[in-house]
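Peer 1: First the structure, then my questions, so here it is.
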Number of protein chains: 2
Amino acid sequence: MRCRTIIFGLFGLILGLSALLAGVAPALAQERFETLRGPDGHIELRVGTEGGSPVWSASWNGSPVIAPSRLGFILADQTKLERGLSVVAAARTSRDTRWEQPWGERRAMRDRHEELRVTFAEGGPDGRRFDVVFRLFADGLGFRYEFPDQPRLKELRIQEELTEFAVAEAGTAWWIPAGEWNRYEYLYRRTPIAEVGQAHTPITLKLDSGLHLALHEAALVDYSAMWLRRVEGTLFRASLSPSPTGPKVVRSAPFSTPWRTVLMAPDAPGLITAADITLHLNEPNALGDVSWVVPHTYVGIWWGMHLDRWTWAPGPRHGATNANVRRYIDFAAANGIRGVLVEGWNRGWEGQWWGGEAVFDFVTPYEDFDLEGLAAYAASKGVRLVGHHETGGDVAGYEAQLGPALDLYARLGVDSIKTGYVADAGQARFRLPDGTFVRGWHDSQLAARHHLLVVQEAARRRIAINPHEPIKDTGLRRTYPNWVSREGARGQEYNAWGSPTNPPEHEANLVFTRMLSGPMDFTPGIFALKPTQAGRQVNTTLAKQLALYVVIYSPIQMAADLVEHYEANPAPFRFIRDVPTDWEDTRPLAGEVGDYAVIARQDRNSADWYLGAITDESARTLEVRLDFLDPARRYEAQIYRDGPGAHFDTNPTVITIETVTVQAGQSLTLQLAAGGGTAIRFRALDRSTAR
Amino acid sequence: MRCRTIIFGLFGLILGLSALLAGVAPALAQERFETLRGPDGHIELRVGTEGGSPVWSASWNGSPVIAPSRLGFILADQTKLERGLSVVAAARTSRDTRWEQPWGERRAMRDRHEELRVTFAEGGPDGRRFDVVFRLFADGLGFRYEFPDQPRLKELRIQEELTEFAVAEAGTAWWIPAGEWNRYEYLYRRTPIAEVGQAHTPITLKLDSGLHLALHEAALVDYSAMWLRRVEGTLFRASLSPSPTGPKVVRSAPFSTPWRTVLMAPDAPGLITAADITLHLNEPNALGDVSWVVPHTYVGIWWGMHLDRWTWAPGPRHGATNANVRRYIDFAAANGIRGVLVEGWNRGWEGQWWGGEAVFDFVTPYEDFDLEGLAAYAASKGVRLVGHHETGGDVAGYEAQLGPALDLYARLGVDSIKTGYVADAGQARFRLPDGTFVRGWHDSQLAARHHLLVVQEAARRRIAINPHEPIKDTGLRRTYPNWVSREGARGQEYNAWGSPTNPPEHEANLVFTRMLSGPMDFTPGIFALKPTQAGRQVNTTLAKQLALYVVIYSPIQMAADLVEHYEANPAPFRFIRDVPTDWEDTRPLAGEVGDYAVIARQDRNSADWYLGAITDESARTLEVRLDFLDPARRYEAQIYRDGPGAHFDTNPTVITIETVTVQAGQSLTLQLAAGGGTAIRFRALDRSTAR
């Protein structure tokens, strides 16, 4: 038992030894702290040194949010960068920048922030130094380390980054584990913050005071992904994704680390808006004209394999046959759907295709698949094939064929490719510059380099990339707008064969966790909800499947079900035909993490608005004020809602479709069934008609 | 919110993909499980595969203790060793071996265990394979991996070990964090098991059912130390101490890993007895005659520096002066104390001596220190200097001078050396075979090699080693009995300058955590308890300082205070003069983790018994039955107990010393003050006198 509160002992020996050696140790420079207040005044930052170690802290409306937290690095070949440091300079900048997304959740972006650049340096003429640049936004902050060129830090061999986030309050966390056998495909855990283990970012926290936080990073370029390891209590520390070759990161100065971010909002919907910070902290578009990146909906040869009705490999149930693909092209053409994905068309799927070496041939189709002919057939109907490159985690094998593989698709008019990296975590296969092969993590520095290589090579050929089993999203779509989407969480396919399948709360978790990082190719739109495989089912109602097109943002959206299920259900399918994949604006209207979410988005190419509402296993009634609508217009609300007696488990497909005329200032009452949802198209009526 | 219990998803995708690919994946071999029951029948083990992955589990009296837990490895250059494995062989052995400790807590050791060797192999003629060898004892178990020589595993480049301990029940944990800036010198945290972060071993758990566990390892040789990272809930996974050079462990087959151990006992004292398992799992004495390893008590030039009264470096307050050391030699000779430690005698202490490069000169004394003359003076009085080698964590610098440094001491009759490695965790400096220097962990494979090198080189010169800021103890003293003690936890010095100092519960934590790994050079015996430095104090009573000589086992024990404090207090000092440092037997009589402990030990060189009892900040009355005494004898109990009004904070030095005659079958009532203790010598009376 304890007779007093034990002071958290991190600085104990530092102070102790300092006291002990006061006679001989070099005198510490004066401790200096800098403070900064964010644009709207909510957030205040304090940066400086304690006992010669850099620390930062932040508050929200005067209450501590991040208690003093350390900064620094352990290096493999030098003493660590963490002690004996002083603040030797500080510089402040205010910025208010407008920029536009070529596609996205909203067109007009406003990056308004206060910046504080703090220079830390060791003593003496040989002392090493680095800057930490903080940016405070209205609803969050970011900071990164910047290493200038200097004699004693030519090359940094970073063994570990010591960045801390000492969350100042108890609360609840939603998180997925990092360093486990899978990459990101876990159900979200909901635990007290003090019971988190090692988590991927974004990790979402609701403090007992009600403040919502998400910890993440931005602009993960040529660096290892940051995991967060809870040290004790509510203290988190960076834990960089491992390297099989030694230091977790090797970089030559000058260079900057990714930005470490903290989103802050009084409620869950506020986090969605705050997530723009991730984009603000990325570099502007580096590709120039990106009009060739076209948001769109696609269908494809995919769900049939997950249902075990088709196979990727050739055989009596091969999915990627000419006949099947023609049928899908015809369906797409008939329904205004731009893309047809085809998986399992190229050689390599015959045996165990994941985790291997040089299994896939990315340019040679199976004999029952006429790639050239089908591409031409699609083009003749105004449809494009969506390419597919499954690597089985063999990055080395993919890179060896990357040029020809992309060239082939480019020649055939395929301008969007889904890539795949199915392998256990830590089992991606990389080729080092010296020609040796290693097994490493999907989010290591090696992986970060690989994904950007693919995106850049694809951009040269005007191809968009949508990786599955990817590295996490850190907003690089701003710089490389052809990086359109990705997976990086448990998607729809778990409803076919997962143990367990995704529970009804899953998408209400995703909205406030995974989705804070960026678009996800979740592949919604399953109409035949049960059974999937072996007694499994999709744990949503049909209306919720439609609502996901609005709630789960992606500029490419799959209509994932077998096309015959759409043909048999034209009325609800109408929503999938109508719903856009590119937005003028986004308004998160309501929600609680893991419980429910209501989001409205405005079509970028019309005055229409769309609304999606989803709930977990609890039925719920939600009152939605239509304040987002243009007050100068009237709208025809085409409502797709859970029908009478709807329930995700017992009666998922009953749906009511109705139309009412509404306008701004009115409210709608949404009745969501257990595991249900509502999808609405607000069709803007002609102004003359409306008046 | 959740509508159902989410099954822990680790095996989700495995099953999912298996189902998905049933048509193409190679059929899994039959799952096979082997079971084994321990010697007394308490513990039952189950080992086999689930979905081709090796798992183990264990129960105590039929109740699960360790739920199915995975085994395996991530390799840097091959696919991981964890999937597609089958049990291809199993072999059982029963053993009952008696062996003797040359020195220790008890002389006679009995290693009675049931062994199960399970061979796991991948399919096909090229499949990789390894054995896992389990040994069940009456009160715990150990297991290790053994890699035979084989074509596809010539060299293992181990990126991570996947060994799991899925604790089957909630409960309380006592632990120190691993991967932090300090090595092991933390106050023990007491948290729910579900709030542990990443911990060093031994970690002690008290399950809600009352069962006590400690997780640790044995025979850490040429391998990286195992940390335990809580993944979620009460699931722990191995996390090997990092390497700055790539894989955490590189070994050529054939080789065996250290043993992973689980001690199990119905109560806290039972863990102390169970800890013998660690020694049973180490190899027998490899040094032959070790009569030159002599347990003893020592005084030294040490506490004065921590009080900031003396300095290590030369100057007006230099501690290691000829005059001071002569005074200590005289005192030792007058009081039957064998050793005099001298710190700060050799060049290198002038500047910042920790964390640097080639700071220390291990053979050149300061000018005010006549090493040869003082060694001769000591010898003339039957006393020996205790050597001191502080490295400041510069392993490379120490190894470069190791031969001459040991030779010097050997020539001067110094047969015991305290080494030191003060540097932040991750900052030890190693020289690689290619001549480059790296910074790494104090418990990495590099560090494990270093410590054994020092111990072996010292053994060649008949010198005993006592490292401070060491690698943790895993029972190697059995194989190398000159590895007599070590630090590896917060010792007495924190009471001089720590922030905070050690609280009264500290030693009651150590007994059931750190001490389960082996001897600790805690350096007890402070008589001038307050103040130490700057208002600090030792948070125990004087009687507790005496009790620590029995409770905290070490074959070398310091009488740590300034000798004038002993000269001024001859009555309590009598106990330090009397108490042996080598034991015939040890009986943990009572205790609760972090609250109190009562231990009796029998002198190895007489029929006397000694008893130590300590408590935390709560005063407590303990009834102790003297069943351990020889019923054929009577004993004079010389009792050193907290005096009237004693209290660690307000009145620590009041002590009552009294003598009573007792015999087996009687009881003694011990009254421990807050932060207090009792020390007793049971002097065996002559048989004729006694009858």
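By convention in this document, the chains of the structure tokens carry letters A, B, ... by their order, each chain's residues are numbered from 1, and ligands are numbered from 1 in the order they are shown.
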Using DSSP assignments from the backbone, pull out every residue in range 288-507 of chain B that falls under strand (DSSP E or B) and give it to me as a ChimeraX atom specification.

Peer 2: /B:296-301,311,318,339-342,346,365,384-390,394,416-420,428-431,437-440,464-467,483

Peer 1: Show which residues sit within 10 Å of Ala108 in chain A, as a PDB file with all heavy atoms, in the first residue's frame. Count only C-alpha atoms, and ignore same-chain residues fewer than 2 positions away.

Peer 2:
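Saved file around_8.pdb follows:
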```pdb
ATOM      1  N   ARG A  98      -6.237  30.334 -47.986  1.00  0.00           N
ATOM      2  CA  ARG A  98      -7.367  29.621 -48.603  1.00  0.00           C
ATOM      3  C   ARG A  98      -6.798  28.730 -49.691  1.00  0.00           C
ATOM      4  O   ARG A  98      -5.957  29.168 -50.475  1.00  0.00           O
ATOM      5  CB  ARG A  98      -8.351  30.628 -49.230  1.00  0.00           C
ATOM      6  CG  ARG A  98      -8.634  31.848 -48.366  1.00  0.00           C
ATOM      7  CD  ARG A  98      -9.646  31.567 -47.288  1.00  0.00           C
ATOM      8  NE  ARG A  98      -9.724  32.712 -46.371  1.00  0.00           N
ATOM      9  CZ  ARG A  98     -10.847  33.112 -45.792  1.00  0.00           C
ATOM     10  NH1 ARG A  98     -11.994  32.491 -46.036  1.00  0.00           N
ATOM     11  NH2 ARG A  98     -10.837  34.141 -44.957  1.00  0.00           N
ATOM     12  N   TRP A  99      -7.253  27.538 -49.758  1.00  0.00           N
ATOM     13  CA  TRP A  99      -6.856  26.659 -50.850  1.00  0.00           C
ATOM     14  C   TRP A  99      -8.037  25.769 -51.201  1.00  0.00           C
ATOM     15  O   TRP A  99      -9.021  25.703 -50.474  1.00  0.00           O
ATOM     16  CB  TRP A  99      -5.593  25.854 -50.508  1.00  0.00           C
ATOM     17  CG  TRP A  99      -5.697  24.921 -49.332  1.00  0.00           C
ATOM     18  CD1 TRP A  99      -5.599  25.251 -48.020  1.00  0.00           C
ATOM     19  CD2 TRP A  99      -5.900  23.507 -49.383  1.00  0.00           C
ATOM     20  NE1 TRP A  99      -5.730  24.140 -47.226  1.00  0.00           N
ATOM     21  CE2 TRP A  99      -5.913  23.047 -48.051  1.00  0.00           C
ATOM     22  CE3 TRP A  99      -6.054  22.579 -50.408  1.00  0.00           C
ATOM     23  CZ2 TRP A  99      -6.095  21.700 -47.712  1.00  0.00           C
ATOM     24  CZ3 TRP A  99      -6.220  21.234 -50.076  1.00  0.00           C
ATOM     25  CH2 TRP A  99      -6.244  20.810 -48.744  1.00  0.00           C
ATOM     26  N   GLU A 100      -7.943  25.109 -52.332  1.00  0.00           N
ATOM     27  CA  GLU A 100      -9.077  24.354 -52.845  1.00  0.00           C
ATOM     28  C   GLU A 100      -8.694  22.895 -53.048  1.00  0.00           C
ATOM     29  O   GLU A 100      -7.610  22.601 -53.536  1.00  0.00           O
ATOM     30  CB  GLU A 100      -9.515  24.962 -54.185  1.00  0.00           C
ATOM     31  CG  GLU A 100     -10.993  24.993 -54.361  1.00  0.00           C
ATOM     32  CD  GLU A 100     -11.400  25.741 -55.620  1.00  0.00           C
ATOM     33  OE1 GLU A 100     -11.257  25.156 -56.709  1.00  0.00           O
ATOM     34  OE2 GLU A 100     -11.843  26.897 -55.498  1.00  0.00           O
ATOM     35  N   GLN A 101      -9.596  22.012 -52.687  1.00  0.00           N
ATOM     36  CA  GLN A 101      -9.368  20.601 -52.983  1.00  0.00           C
ATOM     37  C   GLN A 101      -9.872  20.289 -54.389  1.00  0.00           C
ATOM     38  O   GLN A 101     -10.996  20.646 -54.720  1.00  0.00           O
ATOM     39  CB  GLN A 101     -10.115  19.706 -51.995  1.00  0.00           C
ATOM     40  CG  GLN A 101      -9.602  19.775 -50.559  1.00  0.00           C
ATOM     41  CD  GLN A 101     -10.066  18.557 -49.759  1.00  0.00           C
ATOM     42  OE1 GLN A 101      -9.498  17.479 -49.870  1.00  0.00           O
ATOM     43  NE2 GLN A 101     -11.092  18.734 -48.949  1.00  0.00           N
ATOM     44  N   PRO A 102      -9.064  19.585 -55.172  1.00  0.00           N
ATOM     45  CA  PRO A 102      -9.548  19.212 -56.510  1.00  0.00           C
ATOM     46  C   PRO A 102     -10.736  18.258 -56.404  1.00  0.00           C
ATOM     47  O   PRO A 102     -11.589  18.228 -57.281  1.00  0.00           O
ATOM     48  CB  PRO A 102      -8.337  18.544 -57.156  1.00  0.00           C
ATOM     49  CG  PRO A 102      -7.463  18.126 -56.028  1.00  0.00           C
ATOM     50  CD  PRO A 102      -7.705  19.106 -54.919  1.00  0.00           C
ATOM     51  N   GLY A 104     -12.956  16.126 -52.918  1.00  0.00           N
ATOM     52  CA  GLY A 104     -12.873  15.939 -51.480  1.00  0.00           C
ATOM     53  C   GLY A 104     -14.200  16.127 -50.781  1.00  0.00           C
ATOM     54  O   GLY A 104     -15.255  16.196 -51.423  1.00  0.00           O
ATOM     55  N   GLU A 105     -14.134  16.216 -49.464  1.00  0.00           N
ATOM     56  CA  GLU A 105     -15.335  16.404 -48.652  1.00  0.00           C
ATOM     57  C   GLU A 105     -15.837  17.836 -48.775  1.00  0.00           C
ATOM     58  O   GLU A 105     -16.994  18.121 -48.482  1.00  0.00           O
ATOM     59  CB  GLU A 105     -15.050  16.130 -47.183  1.00  0.00           C
ATOM     60  CG  GLU A 105     -14.429  14.787 -46.889  1.00  0.00           C
ATOM     61  CD  GLU A 105     -12.923  14.851 -46.845  1.00  0.00           C
ATOM     62  OE1 GLU A 105     -12.324  15.550 -47.709  1.00  0.00           O
ATOM     63  OE2 GLU A 105     -12.328  14.209 -45.962  1.00  0.00           O
ATOM     64  N   ARG A 106     -14.934  18.734 -49.104  1.00  0.00           N
ATOM     65  CA  ARG A 106     -15.338  20.122 -49.343  1.00  0.00           C
ATOM     66  C   ARG A 106     -14.341  20.745 -50.299  1.00  0.00           C
ATOM     67  O   ARG A 106     -13.190  20.333 -50.369  1.00  0.00           O
ATOM     68  CB  ARG A 106     -15.442  20.923 -48.039  1.00  0.00           C
ATOM     69  CG  ARG A 106     -14.167  21.108 -47.262  1.00  0.00           C
ATOM     70  CD  ARG A 106     -14.408  21.911 -45.987  1.00  0.00           C
ATOM     71  NE  ARG A 106     -15.426  21.276 -45.156  1.00  0.00           N
ATOM     72  CZ  ARG A 106     -15.193  20.256 -44.339  1.00  0.00           C
ATOM     73  NH1 ARG A 106     -13.966  19.768 -44.219  1.00  0.00           N
ATOM     74  NH2 ARG A 106     -16.150  19.718 -43.638  1.00  0.00           N
ATOM     75  N   ARG A 110      -9.757  26.419 -45.547  1.00  0.00           N
ATOM     76  CA  ARG A 110      -9.146  27.578 -44.921  1.00  0.00           C
ATOM     77  C   ARG A 110      -8.180  27.107 -43.841  1.00  0.00           C
ATOM     78  O   ARG A 110      -8.588  26.492 -42.861  1.00  0.00           O
ATOM     79  CB  ARG A 110     -10.214  28.475 -44.298  1.00  0.00           C
ATOM     80  CG  ARG A 110      -9.620  29.724 -43.678  1.00  0.00           C
ATOM     81  CD  ARG A 110     -10.672  30.649 -43.125  1.00  0.00           C
ATOM     82  NE  ARG A 110     -10.065  31.855 -42.572  1.00  0.00           N
ATOM     83  CZ  ARG A 110     -10.717  32.763 -41.874  1.00  0.00           C
ATOM     84  NH1 ARG A 110     -12.020  32.617 -41.647  1.00  0.00           N
ATOM     85  NH2 ARG A 110     -10.095  33.830 -41.401  1.00  0.00           N
ATOM     86  N   GLU A 584     -19.061  19.452 -52.490  1.00  0.00           N
ATOM     87  CA  GLU A 584     -18.793  20.881 -52.351  1.00  0.00           C
ATOM     88  C   GLU A 584     -18.549  21.235 -50.883  1.00  0.00           C
ATOM     89  O   GLU A 584     -17.727  22.073 -50.564  1.00  0.00           O
ATOM     90  CB  GLU A 584     -19.990  21.688 -52.885  1.00  0.00           C
ATOM     91  CG  GLU A 584     -19.815  23.190 -52.841  1.00  0.00           C
ATOM     92  CD  GLU A 584     -18.731  23.686 -53.780  1.00  0.00           C
ATOM     93  OE1 GLU A 584     -18.375  22.964 -54.740  1.00  0.00           O
ATOM     94  OE2 GLU A 584     -18.203  24.794 -53.548  1.00  0.00           O
ATOM     95  N   ASP A 585     -19.300  20.569 -50.014  1.00  0.00           N
ATOM     96  CA  ASP A 585     -19.183  20.883 -48.590  1.00  0.00           C
ATOM     97  C   ASP A 585     -19.642  19.680 -47.776  1.00  0.00           C
ATOM     98  O   ASP A 585     -20.378  18.819 -48.286  1.00  0.00           O
ATOM     99  CB  ASP A 585     -20.026  22.113 -48.227  1.00  0.00           C
ATOM    100  CG  ASP A 585     -19.584  22.745 -46.914  1.00  0.00           C
ATOM    101  OD1 ASP A 585     -18.591  22.276 -46.325  1.00  0.00           O
ATOM    102  OD2 ASP A 585     -20.241  23.708 -46.474  1.00  0.00           O
TER     103      ASP A 585
END
```

Peer 1: Can you tell me, as a list in words, what residues are no more than 9 Å from Asn651 in chain B when counting only C-alpha atoms, ignoring any on the same chain fewer than 5 positions away?

Peer 2: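 The residues that qualify are Thr541, Gly645 and Ala646 of chain B.
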
Peer 1: Quick one: residues within 9 Å of Glu357 in chain A, only C-alpha atoms, excluding same-chain residues fewer than 5 positions away - as number ranges by chain?

Peer 2: A: 392-394, 396-397, 429

Peer 1: Got a sec: who's within 7 Å of Ile66 in chain B, counting only C-alpha atoms, leaving out chain neighbours fewer than 5 positions off, as a ChimeraX atom specification?

Peer 2: /B:57-59,165-168

Peer 1: Pick out the closest residue to chain A from this set: B:Val65, B:Ala379, B:Val325, B:Ile176. Count only C-alpha atoms.

Peer 2: B:Ile176

Peer 1: Please provide as a list of chain:residue names all residues within 7 Å of range 552-559 of chain A, with the sequence filter that same-chain residues fewer than 2 positions apart are discarded (counting only C-alpha atoms).

Peer 2: A:Gly104, A:Pro295, A:His296, A:Thr297, A:Tyr298, A:Val299, A:Val484, A:Ser485, A:Val511, A:Pro519, A:Met520, A:Asp521, A:Thr523, A:Pro524, A:Gly525, A:Leu548, A:Tyr549, A:Val550, A:Asp561, A:Thr581, A:Asp582

Peer 1: Can you check which residues of range 338-474 of chain A DSSP gives as alpha helix (DSSP H) on the backbone and send them as a PyMOL selection string?

Peer 2: chain A and resi 371-380+395-411+445-460

Peer 1: Could you list, as a PyMOL selection string, every residue within 9 Å of range 406-409 of chain B, counting only C-alpha atoms and ignoring same-chain residues fewer than 4 positions away?

Peer 2: chain B and resi 362-363+387+401-402+413-417+457-458+461+463
